[in-house]
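Structure file input.cif (mmCIF, C-alpha atoms and all ligand atoms) is printed below.
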data_query
loop_
_atom_site.group_PDB
_atom_site.id
_atom_site.type_symbol
_atom_site.label_atom_id
_atom_site.label_comp_id
_atom_site.auth_asym_id
_atom_site.auth_seq_id
_atom_site.Cartn_x
_atom_site.Cartn_y
_atom_site.Cartn_z
ATOM 1 C CA MET O 955 56.550 -37.196 54.611
ATOM 2 C CA GLN O 956 55.327 -40.302 56.432
ATOM 3 C CA LYS O 957 57.727 -39.544 59.284
ATOM 4 C CA GLY O 958 56.282 -36.033 59.624
ATOM 5 C CA LEU O 959 52.746 -37.358 59.644
ATOM 6 C CA ASN O 960 53.661 -40.037 62.210
ATOM 7 C CA LYS O 961 55.015 -37.406 64.561
ATOM 8 C CA LEU O 962 52.047 -35.146 64.033
ATOM 9 C CA LEU O 963 49.577 -37.914 64.798
ATOM 10 C CA GLU O 964 51.547 -38.805 67.927
ATOM 11 C CA SER O 965 51.556 -35.223 69.175
ATOM 12 C CA LEU O 966 47.949 -34.555 68.221
ATOM 13 C CA PRO O 967 46.431 -35.071 71.722
ATOM 14 C CA LEU O 968 48.584 -32.206 72.998
ATOM 15 C CA LEU O 969 47.845 -29.945 70.054
ATOM 16 C CA PHE O 970 44.165 -30.825 70.310
ATOM 17 C CA ALA O 971 44.029 -29.814 73.973
ATOM 18 C CA GLN O 972 45.603 -26.394 73.329
ATOM 19 C CA THR O 973 42.589 -24.687 71.766
ATOM 20 C CA GLU O 974 38.911 -24.773 72.648
ATOM 21 C CA GLY O 975 36.580 -25.684 69.858
ATOM 22 C CA HIS O 976 33.876 -27.839 68.367
ATOM 23 C CA ILE O 977 35.586 -30.817 66.786
ATOM 24 C CA SER O 978 36.479 -34.154 68.362
ATOM 25 C CA GLU O 979 39.984 -35.586 68.534
ATOM 26 C CA LYS O 980 38.998 -38.246 66.052
ATOM 27 C CA GLU O 981 37.856 -35.557 63.627
ATOM 28 C CA ALA O 982 41.061 -33.608 64.229
ATOM 29 C CA ARG O 983 42.988 -36.693 63.096
ATOM 30 C CA PHE O 984 41.064 -36.598 59.845
ATOM 31 C CA LEU O 985 41.928 -32.924 59.329
ATOM 32 C CA THR O 986 45.641 -33.577 59.801
ATOM 33 C CA LEU O 987 45.592 -35.865 56.747
ATOM 34 C CA LEU O 988 44.127 -33.338 54.340
ATOM 35 C CA PRO O 989 47.265 -31.280 53.630
ATOM 36 C CA PHE O 990 49.010 -34.511 52.631
ATOM 37 C CA LEU O 991 46.782 -34.909 49.596
ATOM 38 C CA GLU O 992 49.081 -34.780 46.605
ATOM 39 C CA PHE O 993 46.925 -32.616 44.367
ATOM 40 C CA PRO O 994 47.625 -29.036 43.413
ATOM 41 C CA GLY O 995 45.401 -26.459 45.082
ATOM 42 C CA GLU O 996 44.635 -24.633 48.283
ATOM 43 C CA ILE O 997 42.980 -25.543 51.562
ATOM 44 C CA LEU O 998 39.948 -23.466 52.449
ATOM 45 C CA GLU O 999 38.194 -23.585 55.805
ATOM 46 C CA ILE O 1000 34.751 -22.047 56.266
ATOM 47 C CA GLY O 1001 34.004 -21.505 59.963
ATOM 48 C CA SER O 1002 36.981 -21.114 62.291
ATOM 49 C CA TYR O 1003 35.405 -20.053 65.611
ATOM 50 C CA LYS O 1004 38.312 -19.982 68.118
ATOM 51 C CA GLY O 1005 40.728 -21.448 65.603
ATOM 52 C CA LYS O 1006 40.921 -25.069 66.709
ATOM 53 C CA SER O 1007 40.496 -26.703 63.302
ATOM 54 C CA THR O 1008 42.359 -23.809 61.652
ATOM 55 C CA ILE O 1009 45.467 -24.383 63.771
ATOM 56 C CA ILE O 1010 45.377 -28.151 63.331
ATOM 57 C CA LEU O 1011 45.106 -27.774 59.556
ATOM 58 C CA ALA O 1012 47.904 -25.199 59.506
ATOM 59 C CA LYS O 1013 50.273 -27.356 61.594
ATOM 60 C CA ALA O 1014 49.664 -30.293 59.288
ATOM 61 C CA ALA O 1015 50.073 -28.059 56.223
ATOM 62 C CA GLN O 1016 53.421 -26.834 57.531
ATOM 63 C CA ILE O 1017 54.655 -30.399 57.957
ATOM 64 C CA ALA O 1018 53.322 -31.346 54.534
ATOM 65 C CA GLY O 1019 55.348 -28.487 53.036
ATOM 66 C CA MET O 1020 52.472 -26.143 52.224
ATOM 67 C CA LYS O 1021 53.105 -22.428 52.607
ATOM 68 C CA LYS O 1022 49.577 -21.366 53.576
ATOM 69 C CA ILE O 1023 46.006 -22.291 54.234
ATOM 70 C CA TYR O 1024 42.936 -20.056 53.892
ATOM 71 C CA ALA O 1025 40.114 -19.616 56.379
ATOM 72 C CA CYS O 1026 37.108 -17.366 56.754
ATOM 73 C CA ASP O 1027 34.699 -16.541 59.545
ATOM 74 C CA PRO O 1028 32.962 -13.241 60.357
ATOM 75 C CA LEU O 1029 33.724 -13.947 64.050
ATOM 76 C CA PHE O 1030 30.371 -12.570 65.037
ATOM 77 C CA GLN O 1031 27.227 -14.543 65.587
ATOM 78 C CA SER O 1032 25.460 -14.576 62.247
ATOM 79 C CA SER O 1033 23.745 -17.945 61.919
ATOM 80 C CA ALA O 1034 21.064 -19.655 64.003
ATOM 81 C CA THR O 1035 23.337 -22.705 64.052
ATOM 82 C CA ASP O 1036 26.348 -20.958 65.611
ATOM 83 C CA PRO O 1037 27.656 -22.503 68.871
ATOM 84 C CA GLU O 1038 25.617 -21.758 71.985
ATOM 85 C CA ASP O 1039 28.755 -20.753 73.890
ATOM 86 C CA TYR O 1040 29.600 -18.022 71.354
ATOM 87 C CA PRO O 1041 31.666 -15.387 73.170
ATOM 88 C CA GLU O 1042 29.943 -12.350 71.680
ATOM 89 C CA ASN O 1043 32.320 -9.410 70.962
ATOM 90 C CA GLN O 1044 35.339 -11.279 72.318
ATOM 91 C CA LEU O 1045 35.745 -13.845 69.591
ATOM 92 C CA PRO O 1046 38.104 -11.819 67.327
ATOM 93 C CA GLU O 1047 40.524 -11.342 70.213
ATOM 94 C CA ILE O 1048 40.309 -14.969 71.373
ATOM 95 C CA PHE O 1049 40.874 -16.140 67.809
ATOM 96 C CA GLN O 1050 43.911 -13.901 67.259
ATOM 97 C CA ASN O 1051 45.443 -14.876 70.619
ATOM 98 C CA ASN O 1052 45.046 -18.557 69.831
ATOM 99 C CA LEU O 1053 46.706 -18.054 66.468
ATOM 100 C CA LYS O 1054 49.598 -16.151 68.024
ATOM 101 C CA LYS O 1055 50.194 -18.969 70.525
ATOM 102 C CA SER O 1056 50.019 -21.640 67.834
ATOM 103 C CA GLY O 1057 53.297 -20.883 66.082
ATOM 104 C CA VAL O 1058 51.641 -21.174 62.659
ATOM 105 C CA LYS O 1059 49.942 -17.769 62.470
ATOM 106 C CA ASP O 1060 51.879 -16.757 59.352
ATOM 107 C CA LEU O 1061 50.583 -19.753 57.441
ATOM 108 C CA ILE O 1062 46.962 -18.813 58.031
ATOM 109 C CA HIS O 1063 45.487 -16.396 55.516
ATOM 110 C CA PHE O 1064 42.414 -15.421 57.428
ATOM 111 C CA HIS O 1065 39.459 -13.438 56.060
ATOM 112 C CA LYS O 1066 37.138 -12.022 58.688
ATOM 113 C CA VAL O 1067 34.109 -12.300 56.443
ATOM 114 C CA LYS O 1068 31.326 -14.709 55.619
ATOM 115 C CA SER O 1069 31.999 -17.304 52.941
ATOM 116 C CA LYS O 1070 29.728 -15.501 50.496
ATOM 117 C CA GLU O 1071 31.822 -12.371 50.658
ATOM 118 C CA LEU O 1072 35.057 -14.304 50.266
ATOM 119 C CA SER O 1073 33.671 -16.108 47.226
ATOM 120 C CA ARG O 1074 33.340 -12.796 45.350
ATOM 121 C CA THR O 1075 37.113 -12.487 45.005
ATOM 122 C CA TRP O 1076 38.131 -16.144 45.285
ATOM 123 C CA GLU O 1077 39.949 -17.490 42.208
ATOM 124 C CA GLN O 1078 42.352 -20.157 43.455
ATOM 125 C CA PRO O 1079 41.951 -23.871 42.775
ATOM 126 C CA ILE O 1080 40.915 -25.804 45.895
ATOM 127 C CA LYS O 1081 42.110 -29.243 46.985
ATOM 128 C CA VAL O 1082 40.430 -29.201 50.403
ATOM 129 C CA LEU O 1083 37.096 -27.554 51.113
ATOM 130 C CA TRP O 1084 36.379 -27.940 54.828
ATOM 131 C CA ILE O 1085 32.970 -26.579 55.743
ATOM 132 C CA ASP O 1086 32.080 -25.915 59.375
ATOM 133 C CA GLY O 1087 30.177 -22.626 59.092
ATOM 134 C CA ASP O 1088 26.483 -21.912 58.709
ATOM 135 C CA HIS O 1089 24.694 -25.273 59.137
ATOM 136 C CA THR O 1090 21.269 -24.126 57.963
ATOM 137 C CA LEU O 1091 20.045 -25.674 54.732
ATOM 138 C CA GLU O 1092 20.526 -22.403 52.908
ATOM 139 C CA GLY O 1093 23.982 -21.752 54.378
ATOM 140 C CA ALA O 1094 25.370 -25.250 53.770
ATOM 141 C CA ASN O 1095 24.009 -25.240 50.238
ATOM 142 C CA LEU O 1096 25.502 -21.848 49.506
ATOM 143 C CA ASP O 1097 28.967 -22.847 50.741
ATOM 144 C CA PHE O 1098 29.004 -25.892 48.503
ATOM 145 C CA HIS O 1099 27.850 -24.100 45.374
ATOM 146 C CA LEU O 1100 29.956 -20.994 45.862
ATOM 147 C CA PHE O 1101 33.175 -22.986 45.853
ATOM 148 C CA LYS O 1102 32.454 -26.188 43.905
ATOM 149 C CA LYS O 1103 33.610 -24.644 40.652
ATOM 150 C CA HIS O 1104 37.098 -24.170 42.136
ATOM 151 C CA LEU O 1105 37.624 -27.821 43.134
ATOM 152 C CA VAL O 1106 40.493 -29.642 41.452
ATOM 153 C CA PRO O 1107 40.035 -33.296 40.443
ATOM 154 C CA GLY O 1108 40.869 -35.366 43.516
ATOM 155 C CA ALA O 1109 39.818 -32.605 45.955
ATOM 156 C CA ILE O 1110 38.168 -33.536 49.228
ATOM 157 C CA VAL O 1111 35.010 -31.778 50.355
ATOM 158 C CA ALA O 1112 34.354 -32.316 54.063
ATOM 159 C CA TYR O 1113 31.294 -31.157 55.982
ATOM 160 C CA HIS O 1114 31.227 -31.092 59.724
ATOM 161 C CA ASP O 1115 28.181 -32.119 61.775
ATOM 162 C CA VAL O 1116 26.565 -34.438 59.256
ATOM 163 C CA LEU O 1117 25.606 -36.633 62.230
ATOM 164 C CA HIS O 1118 24.182 -33.802 64.281
ATOM 165 C CA PRO O 1119 20.634 -32.543 64.074
ATOM 166 C CA PHE O 1120 21.223 -29.611 61.720
ATOM 167 C CA ASP O 1121 19.324 -29.345 58.451
ATOM 168 C CA GLY O 1122 22.195 -28.352 56.172
ATOM 169 C CA PRO O 1123 25.244 -30.661 56.327
ATOM 170 C CA ILE O 1124 23.361 -33.967 56.076
ATOM 171 C CA ASP O 1125 21.209 -32.704 53.219
ATOM 172 C CA ILE O 1126 24.077 -31.379 51.116
ATOM 173 C CA PHE O 1127 26.233 -34.426 51.851
ATOM 174 C CA ILE O 1128 23.462 -36.720 50.626
ATOM 175 C CA LYS O 1129 22.220 -34.756 47.648
ATOM 176 C CA GLU O 1130 25.363 -33.155 46.318
ATOM 177 C CA MET O 1131 27.923 -35.832 47.109
ATOM 178 C CA LEU O 1132 26.412 -39.274 47.754
ATOM 179 C CA GLN O 1133 23.871 -38.894 44.971
ATOM 180 C CA SER O 1134 26.187 -37.201 42.513
ATOM 181 C CA ASP O 1135 28.539 -38.857 40.032
ATOM 182 C CA ASP O 1136 30.942 -35.954 40.536
ATOM 183 C CA PHE O 1137 32.125 -37.690 43.704
ATOM 184 C CA GLY O 1138 33.793 -41.101 44.094
ATOM 185 C CA ASP O 1139 35.063 -42.322 47.450
ATOM 186 C CA CYS O 1140 33.146 -41.073 50.449
ATOM 187 C CA GLY O 1141 32.625 -41.751 54.120
ATOM 188 C CA LEU O 1142 31.935 -40.505 57.588
ATOM 189 C CA TRP O 1143 34.827 -39.906 59.947
ATOM 190 C CA GLY O 1144 33.135 -39.058 63.208
ATOM 191 C CA SER O 1145 30.576 -36.505 62.197
ATOM 192 C CA ILE O 1146 32.600 -35.324 59.199
ATOM 193 C CA GLY O 1147 31.031 -36.346 55.907
ATOM 194 C CA TRP O 1148 33.736 -36.386 53.254
ATOM 195 C CA ALA O 1149 33.847 -37.203 49.558
ATOM 196 C CA GLN O 1150 36.421 -37.056 46.770
ATOM 197 C CA TYR O 1151 35.650 -34.916 43.750
ATOM 198 C CA ILE O 1152 36.311 -36.934 40.592
ATOM 199 C CA LYS O 1153 35.088 -34.461 37.998
ATOM 200 C CA GLY O 1154 34.480 -36.084 34.616
ATOM 201 C CA GLU O 1155 35.395 -39.620 35.756
ATOM 202 C CA ILE O 1156 32.844 -42.305 36.461
ATOM 203 C CA PRO O 1157 32.583 -43.692 40.008
ATOM 204 C CA THR O 1158 33.612 -47.357 40.240
ATOM 205 C CA GLU O 1159 31.029 -50.012 41.148
ATOM 206 C CA LYS O 1160 32.598 -50.253 44.610
ATOM 207 C CA GLN O 1161 32.309 -46.519 45.131
ATOM 208 C CA LYS O 1162 28.715 -46.526 43.912
ATOM 209 C CA ARG O 1163 27.855 -49.304 46.349
ATOM 210 C CA ARG O 1164 29.484 -47.507 49.258
ATOM 211 C CA LYS O 1165 27.622 -44.318 48.440
ATOM 212 C CA GLU O 1166 24.337 -46.184 48.113
ATOM 213 C CA ILE O 1167 24.758 -47.945 51.493
ATOM 214 C CA LEU O 1168 25.645 -44.708 53.245
ATOM 215 C CA TYR O 1169 22.773 -42.928 51.568
ATOM 216 C CA ARG O 1170 20.236 -45.545 52.710
ATOM 217 C CA LYS O 1171 21.439 -45.327 56.304
ATOM 218 C CA LEU O 1172 21.690 -41.551 56.412
ATOM 219 C CA ARG O 1173 18.258 -41.101 54.886
ATOM 220 C CA LYS O 1174 16.821 -42.492 58.116
ATOM 221 C CA LEU O 1175 18.256 -39.543 60.009
ATOM 222 C CA TYR O 1176 15.928 -37.132 58.282
ATOM 223 C CA ILE O 1177 13.852 -37.101 61.452
ATOM 224 C CA ILE O 1178 15.674 -34.108 62.872
ATOM 225 C CA PRO O 1179 14.457 -34.049 66.491
ATOM 226 C CA THR O 1180 12.954 -30.946 67.958
ATOM 227 C CA LYS O 1181 14.065 -30.089 71.468
ATOM 228 C CA GLN O 1182 10.598 -30.894 72.827
ATOM 229 C CA SER O 1183 10.350 -34.461 71.605
ATOM 230 C CA LYS O 1184 12.222 -36.973 73.771
ATOM 231 C CA ILE O 1185 11.031 -39.945 71.733
ATOM 232 C CA LEU O 1186 12.225 -38.442 68.481
ATOM 233 C CA LYS O 1187 15.557 -37.699 70.108
ATOM 234 C CA LEU O 1188 15.937 -41.314 71.236
ATOM 235 C CA LYS O 1189 14.951 -42.530 67.790
ATOM 236 C CA TYR O 1190 17.448 -40.183 66.182
ATOM 237 C CA ASN O 1191 20.267 -41.279 68.501
ATOM 238 C CA PHE O 1192 19.495 -44.957 67.910
ATOM 239 C CA ARG O 1193 19.507 -44.554 64.139
ATOM 240 C CA ARG O 1194 22.668 -42.497 64.279
ATOM 241 C CA SER O 1195 24.436 -45.244 66.252
ATOM 242 C CA ARG O 1196 23.736 -47.627 63.321
ATOM 243 C CA ILE O 1197 25.587 -45.470 60.820
ATOM 244 C CA PRO O 1198 29.213 -46.464 60.217
ATOM 245 C CA HIS O 1199 31.400 -43.500 61.176
ATOM 246 C CA LYS O 1200 34.584 -45.022 62.547
ATOM 247 C CA GLU O 1201 37.914 -43.531 61.622
ATOM 248 C CA GLU O 1202 39.969 -45.331 59.001
ATOM 249 C CA ASN O 1203 43.625 -46.222 58.921
ATOM 250 C CA PRO O 1204 45.136 -42.799 58.135
ATOM 251 C CA TYR O 1205 47.918 -44.083 55.884
ATOM 252 C CA GLN O 1206 45.609 -46.367 53.933
ATOM 253 C CA TRP O 1207 43.099 -43.539 53.551
ATOM 254 C CA LEU O 1208 45.764 -41.197 52.169
ATOM 255 C CA ARG O 1209 47.082 -43.864 49.797
ATOM 256 C CA THR O 1210 43.597 -44.419 48.417
ATOM 257 C CA MET O 1211 42.863 -40.722 47.972
ATOM 258 C CA ASN O 1212 46.254 -40.034 46.404
ATOM 259 C CA SER O 1213 45.858 -42.916 43.981
ATOM 260 C CA PHE O 1214 43.032 -41.081 42.221
ATOM 261 C CA LYS O 1215 44.139 -40.187 38.715
ATOM 262 C CA SER O 1216 42.120 -37.845 36.590
ATOM 263 C CA SER O 1217 42.419 -37.699 32.847
ATOM 264 C CA ASP O 1218 42.511 -33.920 33.412
ATOM 265 C CA LEU O 1219 45.745 -34.050 35.446
HETATM 266 C C1 LIG O 1301 30.863 -24.691 64.811
HETATM 267 S S1 LIG O 1301 31.772 -23.214 64.670
HETATM 268 C C2 LIG O 1301 33.267 -23.732 63.925
HETATM 269 C C3 LIG O 1301 34.096 -24.603 64.804
HETATM 270 C C4 LIG O 1301 35.559 -24.696 64.412
HETATM 271 N N1 LIG O 1301 35.749 -25.238 63.101
HETATM 272 C C5 LIG O 1301 36.359 -25.450 65.443
HETATM 273 O O1 LIG O 1301 37.309 -26.166 65.059
HETATM 274 O O2 LIG O 1301 36.082 -25.328 66.635
HETATM 275 C C6 LIG O 1301 30.946 -22.378 63.366
HETATM 276 C C7 LIG O 1301 31.596 -21.087 62.951
HETATM 277 O O3 LIG O 1301 31.077 -20.724 61.678
HETATM 278 C C8 LIG O 1301 31.025 -19.343 61.579
HETATM 279 N N2 LIG O 1301 30.100 -18.993 60.487
HETATM 280 C C9 LIG O 1301 28.746 -18.933 60.490
HETATM 281 N N3 LIG O 1301 28.287 -18.586 59.280
HETATM 282 C C10 LIG O 1301 29.387 -18.443 58.473
HETATM 283 C C11 LIG O 1301 29.578 -18.093 57.103
HETATM 284 N N4 LIG O 1301 28.547 -17.851 56.296
HETATM 285 N N5 LIG O 1301 30.829 -18.019 56.617
HETATM 286 C C12 LIG O 1301 31.904 -18.291 57.429
HETATM 287 N N6 LIG O 1301 31.779 -18.635 58.731
HETATM 288 C C13 LIG O 1301 30.551 -18.706 59.248
HETATM 289 C C14 LIG O 1301 30.583 -18.885 62.952
HETATM 290 O O4 LIG O 1301 30.959 -17.550 63.192
HETATM 291 C C15 LIG O 1301 31.294 -19.901 63.855
HETATM 292 O O5 LIG O 1301 32.485 -19.353 64.364
#
Rendering of file as structure tokens:
Amino acid sequence: MQKGLNKLLESLPLLFAQTEGHISEKEARFLTLLPFLEFPGEILEIGSYKGKSTIILAKAAQIAGMKKIYACDPLFQSSATDPEDYPENQLPEIFQNNLKKSGVKDLIHFHKVKSKELSRTWEQPIKVLWIDGDHTLEGANLDFHLFKKHLVPGAIVAYHDVLHPFDGPIDIFIKEMLQSDDFGDCGLWGSIGWAQYIKGEIPTEKQKRRKEILYRKLRKLYIIPTKQSKILKLKYNFRRSRIPHKEENPYQWLRTMNSFKSSDL
């Protein structure tokens, strides 16, 4: 397994360059680790756009021995927070072409719907909930609550754009993960806010401290800048630069996550 992950991490720059999208290479490295979590359950992506994160997750899942991943996106502009370069009408074709070229199309069980619609028929346990869809407060909140009940103990919930001026991801990350005893280890990997679901267990003192520190720093980012205010923007950028969001050693990170034992398992 480690050999497969080594190779994948080495070849990631190439894979990363193949598809246009809205994640950084550092964040892509985080995504490649998720299929290697040794918990039962599925991977669900909300918000695929042109398929960049979808393909990276699927490649990693293939190497980790998983048979499929799930993803959903209506592929039409439906949220005020959708990318500004949204290729209206052409996105379904771009997405399908990218998948065809990727060599992992068959692994991707894609639903061309919004997360809310998918949730109506969703029944599978989830070990990875990767949310990069509607970043409004309402949308981010909905995604979390629609799928939380399906999380297995040890699952990772990861929100994109916690360190970008959107209302939703930062708010849900703080309130539902950092301030909740349902989650243990947590962190920021680039702009991805992640936390491990520990249902029924009590966070350790170390985990509580880490959550508290992150919470105090992130709270200061609640001054979401408006486009008009240069000063607010500078203030926001300065405060953001003070928040720890470096990537971790991938093998150490996986060891820590996989060492979580639930009394439910
Ligand atoms: C920032 S892009 C995703 C970027 C992508 N993960 C990548 O790797 O480049 C956000 C995507 O979320 C989708 N979206 C918006 N609201 C959604 C919802 N309620 N459910 C699923 N997808 C949604 C948009 O159509 C858009 O393609």
Go through the shown structure with the PyMOL selection byres (((not hetatm)) within 6 of (chain O and resi 1301)) and write out the matching residues as a PDB file with C-alpha atoms, keeping the file's coordinate frame.
ATOM      1  CA  GLY O 975      36.580 -25.684  69.858  1.00  0.00           C
ATOM      2  CA  HIS O 976      33.876 -27.839  68.367  1.00  0.00           C
ATOM      3  CA  ILE O 977      35.586 -30.817  66.786  1.00  0.00           C
ATOM      4  CA  ILE O1000      34.751 -22.047  56.266  1.00  0.00           C
ATOM      5  CA  GLY O1001      34.004 -21.505  59.963  1.00  0.00           C
ATOM      6  CA  SER O1002      36.981 -21.114  62.291  1.00  0.00           C
ATOM      7  CA  TYR O1003      35.405 -20.053  65.611  1.00  0.00           C
ATOM      8  CA  LYS O1004      38.312 -19.982  68.118  1.00  0.00           C
ATOM      9  CA  GLY O1005      40.728 -21.448  65.603  1.00  0.00           C
ATOM     10  CA  LYS O1006      40.921 -25.069  66.709  1.00  0.00           C
ATOM     11  CA  SER O1007      40.496 -26.703  63.302  1.00  0.00           C
ATOM     12  CA  CYS O1026      37.108 -17.366  56.754  1.00  0.00           C
ATOM     13  CA  ASP O1027      34.699 -16.541  59.545  1.00  0.00           C
ATOM     14  CA  PRO O1028      32.962 -13.241  60.357  1.00  0.00           C
ATOM     15  CA  LEU O1029      33.724 -13.947  64.050  1.00  0.00           C
ATOM     16  CA  PHE O1030      30.371 -12.570  65.037  1.00  0.00           C
ATOM     17  CA  GLN O1031      27.227 -14.543  65.587  1.00  0.00           C
ATOM     18  CA  SER O1032      25.460 -14.576  62.247  1.00  0.00           C
ATOM     19  CA  SER O1033      23.745 -17.945  61.919  1.00  0.00           C
ATOM     20  CA  ASP O1036      26.348 -20.958  65.611  1.00  0.00           C
ATOM     21  CA  PRO O1037      27.656 -22.503  68.871  1.00  0.00           C
ATOM     22  CA  LYS O1068      31.326 -14.709  55.619  1.00  0.00           C
ATOM     23  CA  SER O1069      31.999 -17.304  52.941  1.00  0.00           C
ATOM     24  CA  ASP O1086      32.080 -25.915  59.375  1.00  0.00           C
ATOM     25  CA  GLY O1087      30.177 -22.626  59.092  1.00  0.00           C
ATOM     26  CA  ASP O1088      26.483 -21.912  58.709  1.00  0.00           C
TER      27      ASP O1088
END
Which centre and which edge lengths, in Å to one decimal, describe the axis-aligned box that holds all listed atoms of segment 1084-1102 of chain O after 3 Å is added on each side, as lines of an AutoDock Vina configuration file?
center_x = 28.2
center_y = -24.5
center_z = 51.6
size_x = 22.3
size_y = 12.9
size_z = 21.5
### Task
I need the residue set behind the PyMOL selection byres (((chain O and resi 1151-1158) around 9) and not hetatm) for this file; please write it as a list in words.
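Against this file, the PyMOL selection byres (((chain O and resi 1151-1158) around 9) and not hetatm) returns the residues Leu1105, Val1106, Pro1107, Gly1108, Ala1109, Ile1110, Val1111, Met1131, Asp1135, Asp1136, Phe1137, Gly1138, Asp1139, Ala1149, Gln1150, Glu1159, Lys1160, Gln1161, Lys1162, Arg1163, Phe1214, Lys1215, Ser1216, Ser1217 and Asp1218 of chain O.
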### Query
With only C-alpha atoms as the atoms that count, which of O:Lys1171, O:His1065, O:Lys1054, O:Lys1187 lies nearest to Tyr1024 of chain O?
O:His1065
### Message
With the PyMOL selection byres (((chain O and resi 1070) around 8) and not hetatm) as the selection, what would be picked from this file? Answer as a ChimeraX atom specification, please.
### Response
/O:1068-1069,1071-1074,1096-1097,1100
### Given all atoms listed in the file as the counted atoms, nearest of O:Lys1165, O:Arg983, O:Lys1102, O:Lys1055 to Leu998 of chain O
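Residue with the minimum atom-to-atom distance to Leu998 of chain O: O:Lys1102.
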### Message
What's around Glu1092 of chain O at 12 Å? Count all atoms listed in the file, leave out sequence neighbours fewer than 6 positions away in its own chain, and write the answer as number ranges by chain.
### Response
O: 1033-1035, 1070, 1098-1100, 1120-1123, 1125-1126
### Query
Any idea what the distance is between atom CA of Arg1170 of chain O and atom CA of Glu1130 of chain O?
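Going from atom CA of Arg1170 of chain O over to atom CA of Glu1130 of chain O, I get 14.9 Å.
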### Message
Please determine, counting all atoms listed in the file, which residue among O:Ile1124, O:Cys1140, O:Leu959, O:Met1020 has the shortest atom-to-atom distance to Leu1091 of chain O.
### Response
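Using all atoms listed in the file, the shortest distance to Leu1091 of chain O belongs to O:Ile1124.
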### Task
Would you kindly return, as a ChimeraX atom specification, each protein, DNA or RNA residue with an atom no farther than 10 Å from any atom of Leu1172 of chain O, considering all atoms listed in the file and excluding same-chain residues fewer than 3 positions away?
/O:1116-1117,1124-1125,1127-1128,1166-1169,1175-1176,1193-1194,1196-1198
For the residues in that selection, give me C-alpha atoms as a PDB file, keeping the file's coordinate frame.
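Written out: selection.pdb:
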ATOM      1  CA  VAL O1116      26.565 -34.438  59.256  1.00  0.00           C
ATOM      2  CA  LEU O1117      25.606 -36.633  62.230  1.00  0.00           C
ATOM      3  CA  ILE O1124      23.361 -33.967  56.076  1.00  0.00           C
ATOM      4  CA  ASP O1125      21.209 -32.704  53.219  1.00  0.00           C
ATOM      5  CA  PHE O1127      26.233 -34.426  51.851  1.00  0.00           C
ATOM      6  CA  ILE O1128      23.462 -36.720  50.626  1.00  0.00           C
ATOM      7  CA  GLU O1166      24.337 -46.184  48.113  1.00  0.00           C
ATOM      8  CA  ILE O1167      24.758 -47.945  51.493  1.00  0.00           C
ATOM      9  CA  LEU O1168      25.645 -44.708  53.245  1.00  0.00           C
ATOM     10  CA  TYR O1169      22.773 -42.928  51.568  1.00  0.00           C
ATOM     11  CA  LEU O1175      18.256 -39.543  60.009  1.00  0.00           C
ATOM     12  CA  TYR O1176      15.928 -37.132  58.282  1.00  0.00           C
ATOM     13  CA  ARG O1193      19.507 -44.554  64.139  1.00  0.00           C
ATOM     14  CA  ARG O1194      22.668 -42.497  64.279  1.00  0.00           C
ATOM     15  CA  ARG O1196      23.736 -47.627  63.321  1.00  0.00           C
ATOM     16  CA  ILE O1197      25.587 -45.470  60.820  1.00  0.00           C
ATOM     17  CA  PRO O1198      29.213 -46.464  60.217  1.00  0.00           C
TER      18      PRO O1198
END
Hey, could you make a per-residue contact list for segment 1060-1171 of chain O against segment 1047-1053 of chain O with 12 Å as the cut-off, showing the nearest pair of atoms and its distance in Å to one decimal, counting only C-alpha atoms, sorted by chain and number, as a Markdown table?
| residue | atom | partner | partner_atom | distance |
| --- | --- | --- | --- | --- |
| O:Asp1060 | CA | O:Leu1053 | CA | 8.9 |
| O:Leu1061 | CA | O:Leu1053 | CA | 10.0 |
| O:Ile1062 | CA | O:Leu1053 | CA | 8.5 |
| O:His1063 | CA | O:Leu1053 | CA | 11.1 |
| O:Phe1064 | CA | O:Gln1050 | CA | 10.1 |
| O:Lys1066 | CA | O:Phe1049 | CA | 10.7 |
#### Entry: Top pick for closest residue to Ile1017 of chain O, considering O:Asn1203, O:Thr1210, O:Thr986, O:Asn1191 and counting only C-alpha atoms
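Result for the nearest residue to Ile1017 of chain O: O:Thr986.
The space between atom CA of Ala1015 of chain O and atom CA of Pro989 of chain O spans 5.0 Å.
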### Task
Between O:Ile1085, O:Ala1112, O:Ala982, O:Leu987, single out the one closest to Tyr1205 of chain O, counting all atoms listed in the file.
O:Leu987
### Task
Could you tell me how far atom CA of Pro1204 of chain O lies from atom CA of Lys1174 of chain O, in Å and to one decimal?
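So the two atoms, atom CA of Pro1204 of chain O and atom CA of Lys1174 of chain O, lie 28.3 Å apart.
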### Message
Using only C-alpha atoms for the distances, tell me which of O:Leu988, O:Leu1186, O:Ala1094, O:Ala1012 is nearest to Leu1208 of chain O.
### Response
O:Leu988
